[in-house]
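Here's the structure, in structure tokens; my notes come after.
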Amino acid sequence: MNVSKVLSKSVPVSATVFPILFAISIVHLLNDTMQSTVTALFPILKDSLQLNYTQVGIIAFAMNITASLMQPFVGYFSDLKPRPYILPIGVCFTLAGIVALAVAPYYALILLAVVSMGIGSAIFHPESSRVAYLSAGERRGLAQSIFQVGGNIGSALGPIMTAVLFVKIGQFGVIWFSFAAIVAIVIQTFVARWYSRQNVQPRKAKAASTAAAGAARKLSAKQVGWAIVTLVFLVFTKHIYMSSITSYYSFYLIDDYGVSVGRAQWFLFAFLAASAAGTFIGGPLADRYGRRNIIWFSILGTAPFSILLPYANLMWSGVLCICAGFILSSAFSIIVVFAQELLPGKVGLISGLFFGLAFGIGGLGSAVLGWVADATSIAFIMKLCAYLPLLGIVAVLLPKDDKVRAI
């Protein structure tokens with residue numbers, strides 16, 4: 001399928017528009033690569049600005065809480081009236097944050113820079129997730145996974161940037177990622193053109209929404225409410241554990257195993273790369289074997305690996321970290337699709353809510369865990385968070401797929 005043809009006409013509602021899915025996945029990769037520069041800089045900023053773990057956590061908190069609070073509002077208003085033109089505008093905020101982060105000499109200016117990046121993500125994720133939903137056809141799990149895997153790959157690049165770039169160049173090396181922002185703006189402009197053409201067919205959209213609502217009536221409002229609460233709780237447990245790894249695993253390896261900053265980043269990269277693979281595989285598996293089954297397996301199935309990880313030697317710590325990342329990350333795209341089908345017609349709100357929760361919990365988790373680490377130790381954080389995946393047992397409360405699926 002040619003991209004220019006996709007941009008020039010709409011397609012049947014049952015067709016999966018892969019060029020658009022790959023386009024927003026690439027932008028997701030670029031967006032999250034730029035965001036990952038923040039956590040990638042943590043070891044550099046901690047040394048150069050003499051920061052404690054609490055201050056390091058607050059940097060992540062400032063970016064993520066901004067995105068968390070804004071995303072549900074962006075999603076809600078896009079449900080009322082889709083706004084394709086804001087897709088490239090969101091990346092402009094990220095570009096401003098990247099430039100500011102590269103040259104900021106003080107802690108306060110770094111916080112302002114990451115807030116700008118948080119605004120960019122708040123605009124990007126709900127609307128781009130809606131684009132994934134519109135271009136999915138009947139393969140919503142696959143579509144959301146394609147969209148998500150770009151972000152996971154982008155996040156995985158952060159540790160590599162620390163190992164091969166920031167350790168040598170320092171903070172100013174971030175400026176090179178302004179080129180990634182410019183590329184993302186160009187791609188989002190083309191995606192916005194396709195997106196705007198889909199919104200000129202209100203009757204078709206209304207018919208699809210009505211059909212989805214009919215399927216959702218198999219569940220009572222109370223059942224839908226409890227299912228959403230359960231999904232929110234699963235996102236909470238997943239992202240607190242993810243936050244403990246992405247923010248502090250490299251410090252744990254440096255402090256407890258005596259590895260160098262550069263080598264520690266390769267371990268973190270392995271975790272994030274495994275997470276990307278898990279995200280990509282999770283969606284198609286859910287389309288085949290059921291959303292509920294894969295969500296259950298993903299979060300609870302991580303527990304054996306996460307619990308053993310803090311007690312393993314260096315080699316096995318890396319192996320267990322890879323296994324935990326692969327299994328745990330297969331759930332998030334499915335959780336988003338599951339929630340979208342529970343509340344048909346509110347794609348933007350659901351996307352904004354769950355992406356916002358992911359950012360907010362990640363940021364809050366980094367700040368709180370940093371405070372606990374200052375009071376105890378990084379090793380204690382690893383052991384404490386290792387038991388969080390056990391809480392995935394609450395997935396048993398989710399309704400079965402045949403009562404939820406809206407296609």
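Numbering starts fresh at 1 for the residues of each chain in the structure tokens, the chains themselves are lettered A, B, ... in the order given, and ligands are numbered from 1 as they appear.
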
Apply DSSP to the backbone of this structure and, from region 43-167 of chain A, keep only the residues in alpha helix (DSSP H); write these as a PDB file with C-alpha atoms, in the first residue's frame.
ATOM      1  CA  PRO A  43      24.071   9.659  36.092  1.00  0.00           C
ATOM      2  CA  ILE A  44      25.658  12.671  34.352  1.00  0.00           C
ATOM      3  CA  LEU A  45      23.460  15.282  36.064  1.00  0.00           C
ATOM      4  CA  LYS A  46      23.831  13.606  39.460  1.00  0.00           C
ATOM      5  CA  ASP A  47      27.595  14.023  39.293  1.00  0.00           C
ATOM      6  CA  SER A  48      27.819  17.407  37.549  1.00  0.00           C
ATOM      7  CA  TYR A  53      18.436  10.594  44.573  1.00  0.00           C
ATOM      8  CA  THR A  54      15.390  12.621  45.603  1.00  0.00           C
ATOM      9  CA  GLN A  55      16.336  15.456  43.231  1.00  0.00           C
ATOM     10  CA  VAL A  56      16.975  12.953  40.451  1.00  0.00           C
ATOM     11  CA  GLY A  57      13.507  11.512  41.014  1.00  0.00           C
ATOM     12  CA  ILE A  58      11.925  14.980  40.965  1.00  0.00           C
ATOM     13  CA  ILE A  59      13.274  15.576  37.431  1.00  0.00           C
ATOM     14  CA  ALA A  60      11.373  12.511  36.180  1.00  0.00           C
ATOM     15  CA  PHE A  61       8.382  13.521  38.306  1.00  0.00           C
ATOM     16  CA  ALA A  62       8.239  17.041  36.807  1.00  0.00           C
ATOM     17  CA  MET A  63       8.128  15.718  33.234  1.00  0.00           C
ATOM     18  CA  ASN A  64       5.791  12.832  33.881  1.00  0.00           C
ATOM     19  CA  ILE A  65       3.288  14.586  36.127  1.00  0.00           C
ATOM     20  CA  THR A  66       2.883  17.325  33.509  1.00  0.00           C
ATOM     21  CA  ALA A  67       2.071  14.727  30.863  1.00  0.00           C
ATOM     22  CA  SER A  68      -0.101  12.794  33.312  1.00  0.00           C
ATOM     23  CA  LEU A  69      -2.354  15.706  34.251  1.00  0.00           C
ATOM     24  CA  MET A  70      -2.739  17.066  30.717  1.00  0.00           C
ATOM     25  CA  GLN A  71      -3.340  13.880  28.727  1.00  0.00           C
ATOM     26  CA  PRO A  72      -6.882  13.042  29.925  1.00  0.00           C
ATOM     27  CA  PHE A  73      -7.972  16.610  29.100  1.00  0.00           C
ATOM     28  CA  VAL A  74      -6.399  16.448  25.648  1.00  0.00           C
ATOM     29  CA  GLY A  75      -8.132  13.114  25.053  1.00  0.00           C
ATOM     30  CA  TYR A  76     -11.492  14.351  26.343  1.00  0.00           C
ATOM     31  CA  PHE A  77     -11.533  17.420  24.117  1.00  0.00           C
ATOM     32  CA  SER A  78     -10.384  15.408  21.100  1.00  0.00           C
ATOM     33  CA  ASP A  79     -13.412  13.131  21.640  1.00  0.00           C
ATOM     34  CA  LEU A  80     -15.634  16.200  21.432  1.00  0.00           C
ATOM     35  CA  ILE A  86      -2.163  19.585  17.128  1.00  0.00           C
ATOM     36  CA  LEU A  87      -0.139  16.468  16.192  1.00  0.00           C
ATOM     37  CA  PRO A  88       2.881  18.445  14.875  1.00  0.00           C
ATOM     38  CA  ILE A  89       2.348  21.194  17.485  1.00  0.00           C
ATOM     39  CA  GLY A  90       2.931  18.686  20.289  1.00  0.00           C
ATOM     40  CA  VAL A  91       6.357  17.784  18.927  1.00  0.00           C
ATOM     41  CA  CYS A  92       7.258  21.498  18.846  1.00  0.00           C
ATOM     42  CA  PHE A  93       6.996  21.581  22.650  1.00  0.00           C
ATOM     43  CA  THR A  94       9.304  18.554  22.825  1.00  0.00           C
ATOM     44  CA  LEU A  95      11.777  20.294  20.528  1.00  0.00           C
ATOM     45  CA  ALA A  96      11.814  23.357  22.811  1.00  0.00           C
ATOM     46  CA  GLY A  97      12.432  21.108  25.817  1.00  0.00           C
ATOM     47  CA  ILE A  98      15.300  19.294  24.096  1.00  0.00           C
ATOM     48  CA  VAL A  99      17.107  22.532  23.253  1.00  0.00           C
ATOM     49  CA  ALA A 100      16.576  23.889  26.773  1.00  0.00           C
ATOM     50  CA  LEU A 101      17.770  20.643  28.386  1.00  0.00           C
ATOM     51  CA  ALA A 102      20.973  20.679  26.349  1.00  0.00           C
ATOM     52  CA  VAL A 103      22.023  24.155  27.535  1.00  0.00           C
ATOM     53  CA  TYR A 107      18.612  22.522  38.281  1.00  0.00           C
ATOM     54  CA  ALA A 108      15.562  24.826  38.035  1.00  0.00           C
ATOM     55  CA  LEU A 109      16.056  25.300  34.286  1.00  0.00           C
ATOM     56  CA  ILE A 110      16.344  21.555  33.813  1.00  0.00           C
ATOM     57  CA  LEU A 111      12.957  21.200  35.504  1.00  0.00           C
ATOM     58  CA  LEU A 112      11.447  23.780  33.124  1.00  0.00           C
ATOM     59  CA  ALA A 113      12.921  21.947  30.139  1.00  0.00           C
ATOM     60  CA  VAL A 114      11.442  18.602  31.123  1.00  0.00           C
ATOM     61  CA  VAL A 115       8.045  20.224  31.805  1.00  0.00           C
ATOM     62  CA  SER A 116       8.029  21.422  28.178  1.00  0.00           C
ATOM     63  CA  MET A 117       8.794  17.871  27.073  1.00  0.00           C
ATOM     64  CA  GLY A 118       5.942  16.644  29.263  1.00  0.00           C
ATOM     65  CA  ILE A 119       3.543  19.003  27.479  1.00  0.00           C
ATOM     66  CA  GLY A 120       4.716  17.617  24.149  1.00  0.00           C
ATOM     67  CA  SER A 121       3.989  14.061  25.260  1.00  0.00           C
ATOM     68  CA  ALA A 122       0.606  15.064  26.672  1.00  0.00           C
ATOM     69  CA  ILE A 123      -0.425  16.294  23.229  1.00  0.00           C
ATOM     70  CA  PHE A 124       1.210  13.465  21.296  1.00  0.00           C
ATOM     71  CA  HIS A 125      -0.049  10.310  23.002  1.00  0.00           C
ATOM     72  CA  PRO A 126      -3.882  10.625  23.118  1.00  0.00           C
ATOM     73  CA  GLU A 127      -4.243  11.914  19.564  1.00  0.00           C
ATOM     74  CA  SER A 128      -1.717   9.456  18.127  1.00  0.00           C
ATOM     75  CA  SER A 129      -3.398   6.587  19.953  1.00  0.00           C
ATOM     76  CA  ARG A 130      -6.676   7.695  18.352  1.00  0.00           C
ATOM     77  CA  VAL A 131      -4.946   7.571  14.954  1.00  0.00           C
ATOM     78  CA  ALA A 132      -3.838   4.012  15.765  1.00  0.00           C
ATOM     79  CA  TYR A 133      -7.432   3.115  16.657  1.00  0.00           C
ATOM     80  CA  LEU A 134      -8.791   4.654  13.435  1.00  0.00           C
ATOM     81  CA  ARG A 140      -6.766  -3.429  17.302  1.00  0.00           C
ATOM     82  CA  GLY A 141      -4.330  -5.386  19.423  1.00  0.00           C
ATOM     83  CA  LEU A 142      -1.778  -5.496  16.598  1.00  0.00           C
ATOM     84  CA  ALA A 143      -2.320  -1.807  15.770  1.00  0.00           C
ATOM     85  CA  GLN A 144      -1.828  -0.649  19.341  1.00  0.00           C
ATOM     86  CA  SER A 145       1.262  -2.831  19.636  1.00  0.00           C
ATOM     87  CA  ILE A 146       2.777  -1.358  16.463  1.00  0.00           C
ATOM     88  CA  PHE A 147       2.134   2.115  17.861  1.00  0.00           C
ATOM     89  CA  GLN A 148       3.516   1.213  21.294  1.00  0.00           C
ATOM     90  CA  VAL A 149       6.606  -0.646  20.155  1.00  0.00           C
ATOM     91  CA  GLY A 150       7.978   2.523  18.592  1.00  0.00           C
ATOM     92  CA  GLY A 151       7.864   4.182  21.999  1.00  0.00           C
ATOM     93  CA  ASN A 152       9.472   1.192  23.677  1.00  0.00           C
ATOM     94  CA  ILE A 153      12.329   1.154  21.195  1.00  0.00           C
ATOM     95  CA  GLY A 154      12.801   4.889  21.717  1.00  0.00           C
ATOM     96  CA  SER A 155      12.948   4.413  25.486  1.00  0.00           C
ATOM     97  CA  ALA A 156      15.454   1.600  25.044  1.00  0.00           C
ATOM     98  CA  LEU A 157      17.840   3.929  23.251  1.00  0.00           C
ATOM     99  CA  GLY A 158      18.324   6.065  26.374  1.00  0.00           C
ATOM    100  CA  PRO A 159      20.893   3.813  28.067  1.00  0.00           C
ATOM    101  CA  ILE A 160      22.862   3.515  24.825  1.00  0.00           C
ATOM    102  CA  MET A 161      22.966   7.300  24.599  1.00  0.00           C
ATOM    103  CA  VAL A 167      29.513   9.880  29.131  1.00  0.00           C
TER     104      VAL A 167
END

(request) Excluding Ser330 (chain A) and any residue of its chain fewer than 6 positions from it, enumerate the residues within 10 Å of it, using only C-alpha atoms, and give them as an MDAnalysis selection string. (result) chainID A and resid 145 149 274:286 294:295 297:299

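Pairwise distance (CA of Pro19 (chain A), CA of Val336 (chain A)) equals 21.4 Å.
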
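For the residues A:Leu398, A:Val337, A:Ile26, A:Leu309, ranking by smallest atom-to-atom distance to Leu384 (chain A) using only C-alpha atoms places A:Leu309 first.
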
(request) Report the distance between CA of Ser333 (chain A) and CA of Arg288 (chain A) in Å, rounded to one decimal place. (result) 14.5 Å

(message) Can you tell me which residues surround region 221-224 of chain A at a distance of at most 8 Å, considering only C-alpha atoms, apart from same-chain residues fewer than 3 positions away, and format the answer as a list in words?
(response) Ala227, Ile228, Leu342, Leu343 and Pro399 of chain A

Which residues of region 264-284 of chain A sit at most 12 Å from region 238-243 of chain A, using only C-alpha atoms? Give each one's shortest atom pair and distance in Å (one decimal place), in chain and ascending residue order, as JSON lines.
{"residue": "A:Leu268", "atom": "CA", "partner": "A:Met242", "partner_atom": "CA", "distance": 11.1}
{"residue": "A:Phe271", "atom": "CA", "partner": "A:Met242", "partner_atom": "CA", "distance": 9.8}
{"residue": "A:Leu272", "atom": "CA", "partner": "A:Met242", "partner_atom": "CA", "distance": 9.5}
{"residue": "A:Ser275", "atom": "CA", "partner": "A:Met242", "partner_atom": "CA", "distance": 9.8}

Output N, CA and C atoms for every residue in the selection just made, as a compact mmCIF listing (two decimals), in the first residue's frame.
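out_7.txt written:
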# COMPACT_ATOMS: atom_id res chain seq x y z
N LEU A 268 20.58 -1.95 31.33
CA LEU A 268 19.28 -1.28 31.26
C LEU A 268 18.73 -1.33 29.84
N PHE A 271 17.02 -4.62 29.24
CA PHE A 271 15.68 -4.65 29.82
C PHE A 271 14.68 -3.94 28.92
N LEU A 272 15.05 -2.75 28.45
CA LEU A 272 14.13 -1.94 27.64
C LEU A 272 13.92 -2.54 26.24
N SER A 275 11.54 -5.23 26.67
CA SER A 275 10.22 -4.63 26.84
C SER A 275 9.60 -4.29 25.50

(request) Excluding Ala15 (chain A) and any residue of its chain fewer than 6 positions from it, enumerate the residues within 8 Å of it, using only C-alpha atoms, and give them as an MDAnalysis selection string. (result) chainID A and resid 135:138

Output file for the residues above (C-alpha atoms, as a tab-separated table (two decimals), in the first residue's frame):
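Result saved to out34.tsv:
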chain	number	residue	atom	x	y	z
A	135	SER	CA	-6.23	2.88	11.26
A	136	ALA	CA	-6.49	-0.48	13.05
A	137	GLY	CA	-9.44	-1.98	11.22
A	138	GLU	CA	-10.28	-5.24	12.95

(message) Excluding Phe354 (chain A) and its own-chain neighbours fewer than 4 positions away, which residues fall within 8 Å of it when counting only C-alpha atoms? Please give them as a ChimeraX atom specification.
(response) /A:232,235,336,350,358

Can I get the selection written as an mmCIF file, in the first residue's frame, with N, CA and C atoms?
data_model
loop_
_atom_site.group_PDB
_atom_site.id
_atom_site.type_symbol
_atom_site.label_atom_id
_atom_site.label_comp_id
_atom_site.auth_asym_id
_atom_site.auth_seq_id
_atom_site.Cartn_x
_atom_site.Cartn_y
_atom_site.Cartn_z
ATOM 1 N N VAL A 232 -6.820 0.168 35.815
ATOM 2 C CA VAL A 232 -6.015 1.255 36.383
ATOM 3 C C VAL A 232 -5.048 0.710 37.433
ATOM 4 N N VAL A 235 -2.172 -1.013 35.735
ATOM 5 C CA VAL A 235 -1.227 -0.019 35.211
ATOM 6 C C VAL A 235 -0.365 0.529 36.344
ATOM 7 N N VAL A 336 -4.889 -0.847 27.114
ATOM 8 C CA VAL A 336 -5.485 0.330 26.461
ATOM 9 C C VAL A 336 -6.624 -0.091 25.548
ATOM 10 N N ILE A 350 -9.904 7.682 27.018
ATOM 11 C CA ILE A 350 -9.261 6.471 27.545
ATOM 12 C C ILE A 350 -7.767 6.484 27.266
ATOM 13 N N ALA A 358 0.244 6.202 33.077
ATOM 14 C CA ALA A 358 1.572 5.616 32.910
ATOM 15 C C ALA A 358 2.652 6.646 33.208
#
